[in-house]
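Data block below; observations after.
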Amino acid sequence: MATNALEGDWQFVSEKGYDPVKVTVKNIMGSEWIVACMIPKGNMMASMLKKVDGKFELVKLNCSNRECPKENKELEAEFKCFLEQGISNLVREGKTLVLEAGGQRRVLVEDDMRKKHEDEQKAKLAAAKGSGRFG
């Protein structure tokens, strides 16, 4: 599978939290990957991964240590525990991304908020291009 098919912005929605877990997946270089996760107003969690023989191995997990709002505390603790087991696989299935760790799966959906913003900016630029005196 092409690496860029896994990269992007995703979110995990659960009834255990008020806000979704925002996830960004990025191939840093070669076999090195990062899966960065955060619940709004919560802790930043970053899994540094290395892809070996088609599977991922946890190199390092970094987590900030600030107080999380109570409405997201349970979801954040559960997602951190999931990440601590080490992501072993990432699989793109259409508009979803499946994370596997410790025999468990989390299904994430595309978070197109950034793409919508970029599209809006492109539309503004296109509209402004033809309206100038020298355009």
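Residue numbering restarts at 1 in every chain; chains get A, B, ... in the order shown in the structure tokens, and ligands count up from 1 in that same order.
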
Alpha helix (DSSP H) call set, DSSP backbone run, chain A, as number ranges by chain: A: 73-84, 113-129

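The environment of stretch 52-61 of chain A within 6 Å, counting only C-alpha atoms and disregarding residues fewer than 2 places along the same chain, consists of Ala46, Ser47, Met48, Leu49, Lys50, Gly86, Ser88 and Asn89 of chain A.
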
Based on the selection just made, write N, CA and C atoms of those residues as a PDB file, in the first residue's frame.
```pdb
ATOM      1  N   ALA A  46       2.245  11.242  21.218  1.00  0.00           N
ATOM      2  CA  ALA A  46       2.925  10.995  19.950  1.00  0.00           C
ATOM      3  C   ALA A  46       3.617   9.638  19.985  1.00  0.00           C
ATOM      4  N   SER A  47       3.205   8.757  19.082  1.00  0.00           N
ATOM      5  CA  SER A  47       3.836   7.444  18.934  1.00  0.00           C
ATOM      6  C   SER A  47       4.847   7.515  17.807  1.00  0.00           C
ATOM      7  N   MET A  48       6.098   7.283  18.146  1.00  0.00           N
ATOM      8  CA  MET A  48       7.146   7.181  17.139  1.00  0.00           C
ATOM      9  C   MET A  48       7.235   5.705  16.766  1.00  0.00           C
ATOM     10  N   LEU A  49       7.038   5.401  15.484  1.00  0.00           N
ATOM     11  CA  LEU A  49       6.988   4.018  15.017  1.00  0.00           C
ATOM     12  C   LEU A  49       8.058   3.753  13.974  1.00  0.00           C
ATOM     13  N   LYS A  50       8.412   2.490  13.855  1.00  0.00           N
ATOM     14  CA  LYS A  50       9.333   2.060  12.799  1.00  0.00           C
ATOM     15  C   LYS A  50       8.657   0.878  12.105  1.00  0.00           C
ATOM     16  N   GLY A  86       1.509  -0.182  21.742  1.00  0.00           N
ATOM     17  CA  GLY A  86       2.300  -0.111  20.521  1.00  0.00           C
ATOM     18  C   GLY A  86       1.487  -0.450  19.291  1.00  0.00           C
ATOM     19  N   SER A  88       0.718  -1.763  15.922  1.00  0.00           N
ATOM     20  CA  SER A  88       1.388  -2.798  15.125  1.00  0.00           C
ATOM     21  C   SER A  88       0.990  -2.750  13.659  1.00  0.00           C
ATOM     22  N   ASN A  89      -0.144  -2.105  13.374  1.00  0.00           N
ATOM     23  CA  ASN A  89      -0.588  -2.052  11.990  1.00  0.00           C
ATOM     24  C   ASN A  89      -1.489  -0.849  11.758  1.00  0.00           C
TER      25      ASN A  89
END
```

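The spacing separating atom CA of A:Phe12 from atom CA of A:Ile28 amounts to 22.1 Å.
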
Need the shell around A:Val13: protein/DNA/RNA residues with any atom at most 10 Å away, counting only C-alpha atoms. Skip same-chain ones fewer than 4 positions apart. Format as a count of residues only? 11

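Of note, atom CA of A:Gly8 and atom CA of A:Lys26 are spaced 6.7 Å apart.
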
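With only C-alpha atoms as the atoms that count, the minimum distance from A:Gln11 to the choices A:Met44, A:Cys81, A:Met29, A:Val98 is reached by A:Val98.
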
Those in chain A with strand (DSSP E or B) from DSSP, as a ChimeraX atom specification: /A:8-12,21-29,32-38,44-52,55-63,87-93,96-101,104-110

List as an mmCIF file with all heavy atoms, in the first residue's frame the protein and nucleic acid residues near A:Lys41, meaning an atom at most 10 Å away when only C-alpha atoms are counted, but skip any in the same chain fewer than 6 places from it.
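Wrote it out as around08.cif, contents follow:
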```cif
data_model
loop_
_atom_site.group_PDB
_atom_site.id
_atom_site.type_symbol
_atom_site.label_atom_id
_atom_site.label_comp_id
_atom_site.auth_asym_id
_atom_site.auth_seq_id
_atom_site.Cartn_x
_atom_site.Cartn_y
_atom_site.Cartn_z
ATOM 1 N N ASP A 19 -15.382 15.273 23.081
ATOM 2 C CA ASP A 19 -14.677 15.635 21.852
ATOM 3 C C ASP A 19 -14.037 14.400 21.228
ATOM 4 O O ASP A 19 -13.713 13.449 21.934
ATOM 5 C CB ASP A 19 -13.566 16.656 22.149
ATOM 6 C CG ASP A 19 -14.109 17.979 22.650
ATOM 7 O OD1 ASP A 19 -14.934 18.574 21.938
ATOM 8 O OD2 ASP A 19 -13.698 18.406 23.745
ATOM 9 N N ARG A 66 -0.749 17.203 31.317
ATOM 10 C CA ARG A 66 -1.566 18.284 31.848
ATOM 11 C C ARG A 66 -2.952 17.754 32.193
ATOM 12 O O ARG A 66 -3.341 16.680 31.751
ATOM 13 C CB ARG A 66 -1.634 19.452 30.870
ATOM 14 C CG ARG A 66 -2.172 19.102 29.507
ATOM 15 C CD ARG A 66 -1.978 20.219 28.538
ATOM 16 N NE ARG A 66 -3.254 20.791 28.173
ATOM 17 C CZ ARG A 66 -3.429 21.676 27.233
ATOM 18 N NH1 ARG A 66 -2.404 22.122 26.559
ATOM 19 N NH2 ARG A 66 -4.615 22.143 26.943
ATOM 20 N N GLU A 67 -3.670 18.521 32.957
ATOM 21 C CA GLU A 67 -5.003 18.103 33.381
ATOM 22 C C GLU A 67 -5.966 18.180 32.197
ATOM 23 O O GLU A 67 -6.051 19.192 31.510
ATOM 24 C CB GLU A 67 -5.494 18.994 34.525
ATOM 25 C CG GLU A 67 -6.727 18.498 35.219
ATOM 26 C CD GLU A 67 -6.584 17.131 35.884
ATOM 27 O OE1 GLU A 67 -5.481 16.789 36.341
ATOM 28 O OE2 GLU A 67 -7.591 16.396 35.928
ATOM 29 N N CYS A 68 -6.663 17.092 31.977
ATOM 30 C CA CYS A 68 -7.621 16.987 30.873
ATOM 31 C C CYS A 68 -9.020 17.316 31.408
ATOM 32 O O CYS A 68 -9.345 16.947 32.536
ATOM 33 C CB CYS A 68 -7.564 15.553 30.335
ATOM 34 S SG CYS A 68 -8.757 15.171 29.061
ATOM 35 N N PRO A 69 -9.852 17.999 30.619
ATOM 36 C CA PRO A 69 -11.230 18.261 31.071
ATOM 37 C C PRO A 69 -11.943 16.950 31.422
ATOM 38 O O PRO A 69 -11.749 15.940 30.754
ATOM 39 C CB PRO A 69 -11.893 18.929 29.863
ATOM 40 C CG PRO A 69 -10.768 19.474 29.055
ATOM 41 C CD PRO A 69 -9.606 18.549 29.292
ATOM 42 N N ASN A 72 -13.592 14.485 28.942
ATOM 43 C CA ASN A 72 -12.766 13.692 28.017
ATOM 44 C C ASN A 72 -11.762 12.785 28.729
ATOM 45 O O ASN A 72 -11.007 12.072 28.074
ATOM 46 C CB ASN A 72 -12.002 14.620 27.073
ATOM 47 C CG ASN A 72 -12.921 15.312 26.092
ATOM 48 O OD1 ASN A 72 -13.905 14.741 25.634
ATOM 49 N ND2 ASN A 72 -12.621 16.554 25.776
#
```

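Rounded to one decimal, atom CA of A:Glu76 and atom CA of A:Lys16 lie 9.0 Å from each other.
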
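With only C-alpha atoms taken into account, the protein and nucleic acid residues at most 9 Å from A:Phe82 (excluding it and anything under 2 positions from it in its own chain) are Ala77, Glu78, Phe79, Lys80, Glu84, Gln85, Gly86, Ile87, Glu100, Ala101, Gly102, Gln104, Arg105 and Arg106 of chain A.
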
Mind dumping the selected residues with N, CA and C atoms as a PDB file, in the first residue's frame?
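Produced file selection_23.pdb, reproduced below:
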```pdb
ATOM      1  N   ALA A  77      -7.636   8.572  28.679  1.00  0.00           N
ATOM      2  CA  ALA A  77      -6.935   7.500  29.399  1.00  0.00           C
ATOM      3  C   ALA A  77      -6.988   6.195  28.608  1.00  0.00           C
ATOM      4  N   GLU A  78      -8.143   5.903  28.022  1.00  0.00           N
ATOM      5  CA  GLU A  78      -8.297   4.680  27.243  1.00  0.00           C
ATOM      6  C   GLU A  78      -7.435   4.713  25.974  1.00  0.00           C
ATOM      7  N   PHE A  79      -7.413   5.857  25.286  1.00  0.00           N
ATOM      8  CA  PHE A  79      -6.636   5.965  24.050  1.00  0.00           C
ATOM      9  C   PHE A  79      -5.142   5.906  24.355  1.00  0.00           C
ATOM     10  N   LYS A  80      -4.719   6.512  25.472  1.00  0.00           N
ATOM     11  CA  LYS A  80      -3.309   6.456  25.865  1.00  0.00           C
ATOM     12  C   LYS A  80      -2.906   5.010  26.152  1.00  0.00           C
ATOM     13  N   GLU A  84       0.008   2.860  24.316  1.00  0.00           N
ATOM     14  CA  GLU A  84       1.109   2.271  25.093  1.00  0.00           C
ATOM     15  C   GLU A  84       1.387   0.824  24.691  1.00  0.00           C
ATOM     16  N   GLN A  85       0.380   0.146  24.154  1.00  0.00           N
ATOM     17  CA  GLN A  85       0.567  -1.237  23.709  1.00  0.00           C
ATOM     18  C   GLN A  85       1.383  -1.306  22.419  1.00  0.00           C
ATOM     19  N   GLY A  86       1.509  -0.182  21.742  1.00  0.00           N
ATOM     20  CA  GLY A  86       2.300  -0.111  20.521  1.00  0.00           C
ATOM     21  C   GLY A  86       1.487  -0.450  19.291  1.00  0.00           C
ATOM     22  N   ILE A  87       1.318   0.525  18.417  1.00  0.00           N
ATOM     23  CA  ILE A  87       0.588   0.301  17.171  1.00  0.00           C
ATOM     24  C   ILE A  87       1.380  -0.690  16.330  1.00  0.00           C
ATOM     25  N   GLU A 100      -4.228  -0.841  14.803  1.00  0.00           N
ATOM     26  CA  GLU A 100      -4.214  -2.077  15.583  1.00  0.00           C
ATOM     27  C   GLU A 100      -3.081  -2.004  16.590  1.00  0.00           C
ATOM     28  N   ALA A 101      -3.405  -2.362  17.854  1.00  0.00           N
ATOM     29  CA  ALA A 101      -2.403  -2.384  18.921  1.00  0.00           C
ATOM     30  C   ALA A 101      -2.860  -3.356  20.003  1.00  0.00           C
ATOM     31  N   GLY A 102      -1.974  -4.236  20.403  1.00  0.00           N
ATOM     32  CA  GLY A 102      -2.289  -5.165  21.487  1.00  0.00           C
ATOM     33  C   GLY A 102      -3.522  -6.006  21.245  1.00  0.00           C
ATOM     34  N   GLN A 104      -6.182  -5.088  19.797  1.00  0.00           N
ATOM     35  CA  GLN A 104      -7.373  -4.237  19.722  1.00  0.00           C
ATOM     36  C   GLN A 104      -7.323  -3.401  18.455  1.00  0.00           C
ATOM     37  N   ARG A 105      -8.503  -2.923  18.047  1.00  0.00           N
ATOM     38  CA  ARG A 105      -8.613  -2.092  16.845  1.00  0.00           C
ATOM     39  C   ARG A 105      -9.347  -0.802  17.186  1.00  0.00           C
ATOM     40  N   ARG A 106      -8.923   0.282  16.557  1.00  0.00           N
ATOM     41  CA  ARG A 106      -9.632   1.560  16.632  1.00  0.00           C
ATOM     42  C   ARG A 106      -9.859   2.008  15.199  1.00  0.00           C
TER      43      ARG A 106
END
```

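Between A:Asn62 and the residues A:Val25, A:Leu90, A:Ile39, A:Ile34, the shortest atom-to-atom distance, using only C-alpha atoms, involves A:Ile34.
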